[in-house]
$ cat target.cif   # mmCIF, C-alpha atoms
data_structure
#
loop_
_atom_site.label_atom_id
_atom_site.label_comp_id
_atom_site.auth_asym_id
_atom_site.auth_seq_id
_atom_site.Cartn_x
_atom_site.Cartn_y
_atom_site.Cartn_z
CA MET C 256 2.81 -82.70 -96.52
CA TYR C 257 4.46 -79.95 -98.59
CA ALA C 258 7.97 -80.30 -99.92
CA PRO C 259 9.81 -77.06 -98.92
CA SER C 260 9.96 -75.76 -102.51
CA THR C 261 6.17 -76.06 -103.01
CA MET C 262 5.11 -74.61 -99.63
CA PRO C 263 3.37 -71.26 -99.38
CA ALA C 264 5.98 -68.54 -98.70
CA GLU C 265 5.10 -67.96 -95.03
CA THR C 266 5.01 -71.70 -94.20
CA ARG C 267 8.30 -72.19 -96.00
CA LYS C 268 9.89 -69.31 -94.09
CA LYS C 269 8.82 -70.88 -90.78
CA ALA C 270 10.06 -74.32 -91.81
CA LEU C 271 13.47 -72.90 -92.71
CA ALA C 272 13.76 -70.76 -89.59
CA LEU C 273 16.45 -71.68 -87.11
CA PRO C 274 14.92 -73.12 -83.89
CA GLY C 275 16.09 -70.21 -81.70
CA ASP C 276 18.13 -67.05 -81.91
CA GLU C 277 21.01 -66.98 -84.40
CA GLY C 278 23.34 -65.39 -81.83
CA VAL C 279 22.80 -68.31 -79.47
CA PHE C 280 23.73 -70.73 -82.25
CA PHE C 281 26.92 -68.72 -82.90
CA PHE C 282 27.77 -69.05 -79.21
CA ILE C 283 26.97 -72.79 -79.22
CA THR C 284 29.16 -73.36 -82.28
CA ALA C 285 32.09 -71.42 -80.79
CA ASP C 286 31.74 -73.18 -77.44
CA MET C 287 31.63 -76.60 -79.05
CA ALA C 288 34.74 -75.75 -81.10
CA MET C 289 36.52 -74.88 -77.85
CA PHE C 290 35.52 -78.22 -76.32
CA ALA C 291 36.71 -80.03 -79.47
CA LEU C 292 40.15 -78.56 -78.76
CA PHE C 293 39.93 -79.81 -75.17
CA PHE C 294 39.12 -83.30 -76.44
CA LEU C 295 42.17 -83.14 -78.70
CA VAL C 296 44.42 -82.02 -75.83
CA PHE C 297 43.11 -84.86 -73.67
CA MET C 298 43.69 -87.46 -76.40
CA VAL C 299 47.26 -86.24 -76.96
CA GLY C 300 47.95 -86.38 -73.20
CA GLN C 301 46.45 -89.84 -72.98
CA ALA C 302 48.58 -91.10 -75.89
CA GLN C 303 51.71 -89.81 -74.13
CA ALA C 304 50.97 -91.34 -70.72
CA PRO C 305 48.39 -94.13 -71.21
CA ASP C 306 49.22 -95.95 -67.97
CA ILE C 307 48.54 -92.88 -65.81
CA TYR C 308 45.24 -92.26 -67.59
CA ARG C 309 44.16 -95.89 -67.30
CA ALA C 310 45.04 -96.10 -63.60
CA SER C 311 43.27 -92.80 -62.91
CA ARG C 312 40.17 -93.76 -64.89
CA ALA C 313 39.78 -96.79 -62.60
CA ALA C 314 39.11 -94.35 -59.72
CA LEU C 315 36.01 -92.95 -61.47
CA ASP C 316 32.57 -94.45 -61.04
CA PRO C 317 31.03 -94.94 -64.50
CA THR C 318 27.63 -95.67 -62.92
CA LEU C 319 27.46 -92.04 -61.81
CA GLY C 320 28.47 -90.98 -65.32
CA LEU C 321 25.64 -93.05 -66.79
CA LEU C 322 23.19 -91.64 -64.25
CA ASN C 323 24.18 -88.10 -65.25
CA THR C 324 23.77 -88.99 -68.93
CA LEU C 325 20.23 -90.21 -68.31
CA ILE C 326 19.41 -87.17 -66.16
CA LEU C 327 20.55 -84.74 -68.86
CA ALA C 328 18.77 -86.70 -71.62
CA THR C 329 15.51 -86.70 -69.61
CA SER C 330 15.84 -83.01 -68.89
CA GLY C 331 16.57 -82.32 -72.58
CA TRP C 332 13.48 -84.28 -73.61
CA LEU C 333 11.34 -82.19 -71.23
CA MET C 334 12.71 -79.05 -72.89
CA VAL C 335 11.67 -80.39 -76.29
CA ARG C 336 8.16 -80.91 -74.89
CA ALA C 337 8.22 -77.32 -73.59
CA VAL C 338 9.15 -75.99 -77.05
CA ASP C 339 6.45 -78.13 -78.71
CA ALA C 340 3.86 -76.78 -76.24
CA ALA C 341 4.98 -73.17 -76.81
CA ARG C 342 4.66 -73.60 -80.59
CA ARG C 343 1.01 -74.52 -79.96
CA GLU C 344 0.72 -71.50 -77.64
CA ARG C 345 0.10 -73.78 -74.67
CA TRP C 346 2.19 -71.57 -72.41
CA SER C 347 1.25 -73.19 -69.08
CA ALA C 348 2.26 -76.61 -70.35
CA ALA C 349 5.49 -75.12 -71.69
CA ARG C 350 6.22 -73.56 -68.30
CA ARG C 351 5.51 -76.82 -66.46
CA ASN C 352 7.90 -78.68 -68.74
CA VAL C 353 10.64 -76.06 -68.28
CA ILE C 354 10.29 -76.31 -64.49
CA ALA C 355 10.37 -80.12 -64.72
CA ALA C 356 13.47 -79.92 -66.95
CA ALA C 357 15.22 -77.71 -64.39
CA LEU C 358 14.23 -79.93 -61.45
CA VAL C 359 15.35 -83.13 -63.20
CA GLY C 360 18.52 -81.32 -64.29
CA LEU C 361 19.30 -80.46 -60.69
CA GLY C 362 19.86 -84.19 -60.18
CA PHE C 363 23.01 -83.70 -62.25
CA ALA C 364 24.29 -81.18 -59.70
CA VAL C 365 23.56 -83.54 -56.83
CA THR C 366 25.39 -86.43 -58.53
CA LYS C 367 28.32 -84.19 -59.47
CA ALA C 368 28.60 -82.81 -55.92
CA PHE C 369 28.56 -86.38 -54.55
CA GLU C 370 31.23 -87.41 -57.07
CA TYR C 371 33.52 -84.43 -56.41
CA HIS C 372 33.15 -84.91 -52.65
CA ALA C 373 34.05 -88.60 -52.92
CA LYS C 374 37.15 -87.82 -54.98
CA ILE C 375 38.35 -84.95 -52.80
CA SER C 376 37.80 -86.93 -49.58
CA HIS C 377 40.07 -89.63 -51.05
CA GLY C 378 42.73 -87.00 -51.69
CA ILE C 379 42.12 -86.89 -55.46
CA THR C 380 42.36 -83.26 -56.51
CA LEU C 381 43.23 -81.10 -59.50
CA ASN C 382 46.93 -81.58 -58.69
CA THR C 383 46.91 -85.39 -58.39
CA ASN C 384 48.04 -85.98 -61.96
CA GLU C 385 47.39 -84.83 -65.53
CA PHE C 386 44.29 -87.01 -65.95
CA PHE C 387 42.62 -85.47 -62.90
CA THR C 388 43.67 -81.96 -63.91
CA TYR C 389 41.72 -82.52 -67.12
CA TYR C 390 38.93 -84.34 -65.30
CA TYR C 391 38.29 -81.40 -62.93
CA ALA C 392 38.91 -78.76 -65.60
CA PHE C 393 36.59 -80.26 -68.21
CA THR C 394 33.83 -81.44 -65.89
CA GLY C 395 34.13 -78.17 -63.93
CA LEU C 396 33.78 -76.07 -67.07
CA HIS C 397 30.90 -78.25 -68.21
CA PHE C 398 29.32 -77.84 -64.77
CA PHE C 399 29.69 -74.06 -65.11
CA HIS C 400 27.74 -74.29 -68.39
CA PHE C 401 25.16 -76.41 -66.56
CA VAL C 402 24.74 -73.78 -63.81
CA ILE C 403 24.27 -71.03 -66.43
CA GLY C 404 21.71 -73.32 -68.10
CA VAL C 405 19.74 -73.76 -64.88
CA LEU C 406 19.69 -69.97 -64.40
CA VAL C 407 18.49 -69.55 -67.99
CA LEU C 408 15.72 -72.11 -67.36
CA ALA C 409 14.71 -70.19 -64.21
CA ILE C 410 14.43 -66.96 -66.24
CA THR C 411 12.59 -68.85 -69.01
CA GLN C 412 9.90 -70.18 -66.69
CA ALA C 413 9.39 -66.63 -65.36
CA LYS C 414 8.97 -65.35 -68.94
CA LEU C 415 6.50 -68.16 -69.66
CA ALA C 416 4.37 -67.03 -66.72
CA ALA C 417 3.63 -63.84 -68.73
CA PRO C 418 4.21 -64.91 -72.34
CA GLU C 419 4.69 -62.38 -75.12
CA GLY C 420 3.99 -64.61 -78.11
CA GLU C 421 6.75 -64.93 -80.72
CA LYS C 422 9.33 -63.19 -78.53
CA THR C 423 8.85 -65.69 -75.70
CA ARG C 424 8.85 -68.63 -78.13
CA ILE C 425 12.20 -67.57 -79.59
CA TRP C 426 13.64 -67.09 -76.10
CA LEU C 427 12.44 -70.58 -75.11
CA GLU C 428 13.86 -72.16 -78.29
CA SER C 429 17.20 -70.45 -77.63
CA ALA C 430 17.22 -71.60 -74.00
CA ALA C 431 16.43 -75.14 -75.18
CA ALA C 432 19.26 -75.04 -77.76
CA TYR C 433 21.71 -73.99 -75.04
CA TRP C 434 20.42 -76.71 -72.71
CA HIS C 435 20.86 -79.32 -75.45
CA MET C 436 24.46 -78.14 -75.92
CA VAL C 437 25.13 -78.94 -72.24
CA ASP C 438 23.69 -82.39 -72.98
CA LEU C 439 25.75 -82.79 -76.20
CA LEU C 440 29.05 -82.00 -74.52
CA TRP C 441 28.37 -84.50 -71.75
CA MET C 442 27.73 -87.17 -74.42
CA VAL C 443 31.44 -86.91 -75.31
CA LEU C 444 32.82 -86.23 -71.83
CA PHE C 445 31.17 -89.33 -70.35
CA PRO C 446 32.77 -91.95 -72.65
CA MET C 447 36.04 -90.01 -72.95
CA LEU C 448 36.65 -89.67 -69.22
CA TYR C 449 34.86 -92.71 -67.78
CA LEU C 450 34.73 -95.47 -70.39
CA ALA C 451 36.91 -95.59 -73.48
CA GLY C 452 40.69 -95.81 -73.32
CA GLY C 453 40.79 -98.66 -70.85
CA THR C 454 41.36 -98.92 -67.11
CA ALA C 455 44.33 -100.40 -65.29
CA MET X 91 13.93 -87.05 -91.62
CA LYS X 92 12.68 -85.47 -88.40
CA LEU X 93 12.76 -87.81 -85.40
CA SER X 94 10.01 -87.54 -82.80
CA SER X 95 11.44 -86.26 -79.54
CA THR X 96 10.15 -89.25 -77.56
CA LEU X 97 11.74 -91.70 -80.01
CA ALA X 98 14.98 -89.67 -79.86
CA TYR X 99 14.88 -89.80 -76.06
CA GLY X 100 14.34 -93.58 -76.14
CA ILE X 101 17.27 -94.00 -78.56
CA ILE X 102 19.58 -91.85 -76.42
CA ALA X 103 18.67 -93.68 -73.20
CA ALA X 104 19.01 -97.13 -74.79
CA LEU X 105 22.37 -96.24 -76.40
CA SER X 106 23.70 -94.78 -73.14
CA ILE X 107 22.85 -97.95 -71.26
CA SER X 108 24.27 -100.09 -74.09
CA SER X 109 27.64 -98.33 -74.11
CA PHE X 110 27.83 -98.64 -70.33
CA ALA X 111 26.94 -102.36 -70.55
CA LEU X 112 29.60 -102.88 -73.24
CA PHE X 113 32.17 -101.25 -70.99
CA GLU X 114 31.13 -103.28 -67.94
CA SER X 115 30.91 -106.69 -69.56
CA GLN X 116 33.47 -106.88 -72.32
CA GLY X 117 36.69 -105.54 -70.89
CA HIS X 118 38.79 -102.98 -72.66
CA THR X 119 39.77 -103.41 -76.27
CA LEU X 120 40.29 -101.02 -79.16
CA ILE X 121 37.13 -102.24 -80.92
CA LEU X 122 35.00 -101.63 -77.84
CA ALA X 123 36.51 -98.21 -77.25
CA LEU X 124 35.69 -97.27 -80.85
CA ALA X 125 32.18 -98.72 -80.42
CA VAL X 126 31.62 -96.63 -77.28
CA PHE X 127 32.63 -93.45 -79.14
CA ALA X 128 30.58 -94.41 -82.20
CA ILE X 129 27.55 -94.77 -79.90
CA ALA X 130 28.31 -91.33 -78.41
CA LEU X 131 28.39 -89.76 -81.88
CA VAL X 132 25.07 -91.38 -82.80
CA LYS X 133 23.59 -89.96 -79.59
CA ILE X 134 24.86 -86.48 -80.50
CA ALA X 135 23.40 -86.77 -84.01
CA THR X 136 20.12 -87.85 -82.40
CA ILE X 137 20.11 -84.78 -80.14
CA LEU X 138 20.87 -82.46 -83.05
CA ASN X 139 18.02 -83.94 -85.08
CA GLY X 140 15.43 -85.14 -82.55
CA PHE X 141 15.89 -82.54 -79.79
CA MET X 142 17.30 -79.41 -81.44
CA HIS X 143 15.39 -80.03 -84.69
CA LEU X 144 18.43 -78.80 -86.56
CA GLU X 145 18.04 -79.84 -90.17
CA TRP X 146 20.14 -79.54 -93.27
CA GLN X 147 18.38 -76.37 -94.45
CA HIS X 148 19.49 -74.52 -91.30
CA ARG X 149 22.65 -73.13 -92.92
CA PRO X 150 25.35 -72.73 -91.85
CA PHE X 151 24.85 -74.12 -88.36
CA ALA X 152 23.65 -77.61 -89.36
CA GLN X 153 26.69 -77.99 -91.64
CA VAL X 154 29.13 -76.61 -89.05
CA LEU X 155 27.79 -78.82 -86.26
CA THR X 156 27.86 -81.87 -88.56
CA GLY X 157 31.48 -80.94 -89.34
CA TRP X 158 32.12 -80.71 -85.59
CA LEU X 159 30.76 -84.22 -85.19
CA VAL X 160 33.11 -85.53 -87.91
CA VAL X 161 36.15 -83.72 -86.46
CA VAL X 162 35.44 -84.87 -82.90
CA GLY X 163 34.85 -88.41 -84.16
CA ALA X 164 38.24 -88.33 -85.90
CA VAL X 165 39.97 -86.93 -82.78
CA LEU X 166 38.44 -89.59 -80.54
CA ALA X 167 39.16 -92.45 -82.95
CA GLY X 168 42.71 -91.17 -83.54
CA GLY X 169 43.24 -90.99 -79.80
CA MET X 170 42.20 -94.62 -79.43
CA PHE X 171 44.46 -95.82 -82.27
CA ALA X 172 47.38 -94.01 -80.60
CA LEU X 173 47.03 -96.09 -77.43
CA PRO X 174 48.72 -99.44 -76.80
CA TRP X 175 46.12 -102.24 -76.55
CA ASN X 176 46.33 -105.88 -75.54
CA SER X 177 44.75 -107.87 -78.37
#
$ encode --input "target.cif" --output "structure tokens"
Amino acid sequence: MYAPSTMPAETRKKALALPGDEGVFFFITADMAMFALFFLVFMVGQAQAPDIYRASRAALDPTLGLLNTLILATSGWLMVRAVDAARRERWSAARRNVIAAALVGLGFAVTKAFEYHAKISHGITLNTNEFFTYYYAFTGLHFFHFVIGVLVLAITQAKLAAPEGEKTRIWLESAAAYWHMVDLLWMVLFPMLYLAGGTA
Amino acid sequence: MKLSSTLAYGIIAALSISSFALFESQGHTLILALAVFAIALVKIATILNGFMHLEWQHRPFAQVLTGWLVVVGAVLAGGMFALPWNS
């Protein structure tokens, strides 16, 4: 295998290319910075009222959080397979994997709807206390990103039905990068809200 | 080093189940809380490398996202140290 400095120019250019559109990576970076601020706000709130946070955390079901983690990881892996297939110009396989990623990802929506319904039917809402304000705000905003991601995957599979070579590959890589960001953010939200910090 | 996506997926799934098992079986201590967050950060690094294929030469995004990981890690760890814990 070539070391980057000894590769032919074109191969080297491809190896150094960002996996997706640069604008999408700008958006991902900005979005993740915003969530980092949310994590900070949550940690400060938790340090000021640890008992409320611990008692509230006990009302969450970490099994559902784990299930959602595994759903998003599986869906993310299917997107990687789609990108790999597209790079080999196997567009049908890429499309199948994108559809599978979206279908598996929809499990996240089902679990989240079940979880929200259970909380609301027990009278736990956005106004219950500070912990649940953050819980609904952060998971709701994350869910909004998820919904946008599913729509992007729907558009992506349509584009893969009539692929346009490099243009479609870059679109798919960008869609995959966005989808992985949804996954990344959940990897922090799950332990922060459901696990670490203790329960009463 | 580029991770294969299937290996990355296996690592993420195994780590997710491990952090959940730690939480379920060992109670709630500062060390375990830090371990759970450390596992989360490893999972994120695995996604960046094994799923997004973001490598060090992808400037500036690889550097910025690595910085994000460090900052978030510090925020989460700081948040845990700020809490009262029973030894």
$ closest_residue --input "target.cif" --among "C:Leu333, C:Leu315, C:Ile403, C:Ala310" --to "chain X" --atoms "only C-alpha atoms"
C:Leu333
$ resolve_selection --input "target.cif" --expression "the PyMOL selection byres ((chain C) within 7 of (chain X))" --output "PyMOL selection string"
chain C and resi 271+273-274+284+291+295+298-299+302+305+321+325+328+332+335+432+435+439+442-443+446+450-453
$ residues_around --input "target.cif" --residues "Asn384 in chain C" --least-positions-apart "2" --cutoff "12 Å" --atoms "only C-alpha atoms" --output "ChimeraX atom specification"
/C:300-301,304,306-312,378-382,386-391
$ atom_distance --input "target.cif" --atom1 "CA of Lys374 in chain C" --atom2 "CA of Gly395 in chain C"
13.5 Å
$ atom_distance --input "target.cif" --atom1 "CA of Ser429 in chain C" --atom2 "CA of Leu327 in chain C"
17.1 Å
$ resolve_selection --input "target.cif" --expression "the PyMOL selection byres ((chain C and resi 412) around 12)" --output "ChimeraX atom specification"
/C:334,337-338,341,346-358,405-411,413-418,423-424,426-427,430-431
$ build_atoms --input "target.cif" --residues "range 358-381 of chain C" --atoms "N, CA and C atoms" --output "CSV table (one decimal), in the frame of the given file"
chain,number,residue,atom,x,y,z
C,358,LEU,N,14.2,-79.1,-62.7
C,358,LEU,CA,14.2,-79.9,-61.4
C,358,LEU,C,15.0,-81.2,-61.7
C,359,VAL,N,14.6,-81.9,-62.9
C,359,VAL,CA,15.4,-83.1,-63.2
C,359,VAL,C,16.8,-82.8,-63.4
C,360,GLY,N,17.1,-81.7,-64.1
C,360,GLY,CA,18.5,-81.3,-64.3
C,360,GLY,C,19.3,-81.1,-63.0
C,361,LEU,N,18.6,-80.7,-62.0
C,361,LEU,CA,19.3,-80.5,-60.7
C,361,LEU,C,19.9,-81.8,-60.1
C,362,GLY,N,19.3,-82.9,-60.6
C,362,GLY,CA,19.9,-84.2,-60.2
C,362,GLY,C,21.3,-84.3,-60.6
C,363,PHE,N,21.6,-83.7,-61.7
C,363,PHE,CA,23.0,-83.7,-62.2
C,363,PHE,C,23.9,-83.0,-61.2
C,364,ALA,N,23.5,-81.9,-60.7
C,364,ALA,CA,24.3,-81.2,-59.7
C,364,ALA,C,24.5,-82.0,-58.5
C,365,VAL,N,23.5,-82.7,-58.0
C,365,VAL,CA,23.6,-83.5,-56.8
C,365,VAL,C,24.6,-84.7,-57.1
C,366,THR,N,24.5,-85.3,-58.2
C,366,THR,CA,25.4,-86.4,-58.5
C,366,THR,C,26.8,-85.9,-58.6
C,367,LYS,N,27.0,-84.8,-59.3
C,367,LYS,CA,28.3,-84.2,-59.5
C,367,LYS,C,28.9,-83.8,-58.1
C,368,ALA,N,28.1,-83.2,-57.2
C,368,ALA,CA,28.6,-82.8,-55.9
C,368,ALA,C,29.0,-84.1,-55.2
C,369,PHE,N,28.2,-85.1,-55.2
C,369,PHE,CA,28.6,-86.4,-54.6
C,369,PHE,C,29.9,-86.9,-55.1
C,370,GLU,N,30.0,-86.9,-56.4
C,370,GLU,CA,31.2,-87.4,-57.1
C,370,GLU,C,32.5,-86.6,-56.7
C,371,TYR,N,32.4,-85.3,-56.8
C,371,TYR,CA,33.5,-84.4,-56.4
C,371,TYR,C,33.9,-84.7,-54.9
C,372,HIS,N,32.9,-84.7,-54.1
C,372,HIS,CA,33.2,-84.9,-52.6
C,372,HIS,C,33.9,-86.2,-52.4
C,373,ALA,N,33.4,-87.3,-53.1
C,373,ALA,CA,34.0,-88.6,-52.9
C,373,ALA,C,35.5,-88.5,-53.4
C,374,LYS,N,35.8,-87.9,-54.5
C,374,LYS,CA,37.2,-87.8,-55.0
C,374,LYS,C,38.0,-87.0,-54.0
C,375,ILE,N,37.5,-85.8,-53.6
C,375,ILE,CA,38.4,-85.0,-52.8
C,375,ILE,C,38.6,-85.6,-51.4
C,376,SER,N,37.6,-86.3,-50.9
C,376,SER,CA,37.8,-86.9,-49.6
C,376,SER,C,38.8,-88.1,-49.7
C,377,HIS,N,39.0,-88.6,-50.9
C,377,HIS,CA,40.1,-89.6,-51.0
C,377,HIS,C,41.4,-89.0,-51.5
C,378,GLY,N,41.5,-87.7,-51.4
C,378,GLY,CA,42.7,-87.0,-51.7
C,378,GLY,C,43.0,-86.8,-53.2
C,379,ILE,N,42.0,-87.1,-54.0
C,379,ILE,CA,42.1,-86.9,-55.5
C,379,ILE,C,41.7,-85.5,-55.8
C,380,THR,N,42.7,-84.7,-56.2
C,380,THR,CA,42.4,-83.3,-56.5
C,380,THR,C,42.9,-82.9,-57.9
C,381,LEU,N,42.8,-81.6,-58.2
C,381,LEU,CA,43.2,-81.1,-59.5
C,381,LEU,C,44.7,-81.4,-59.7
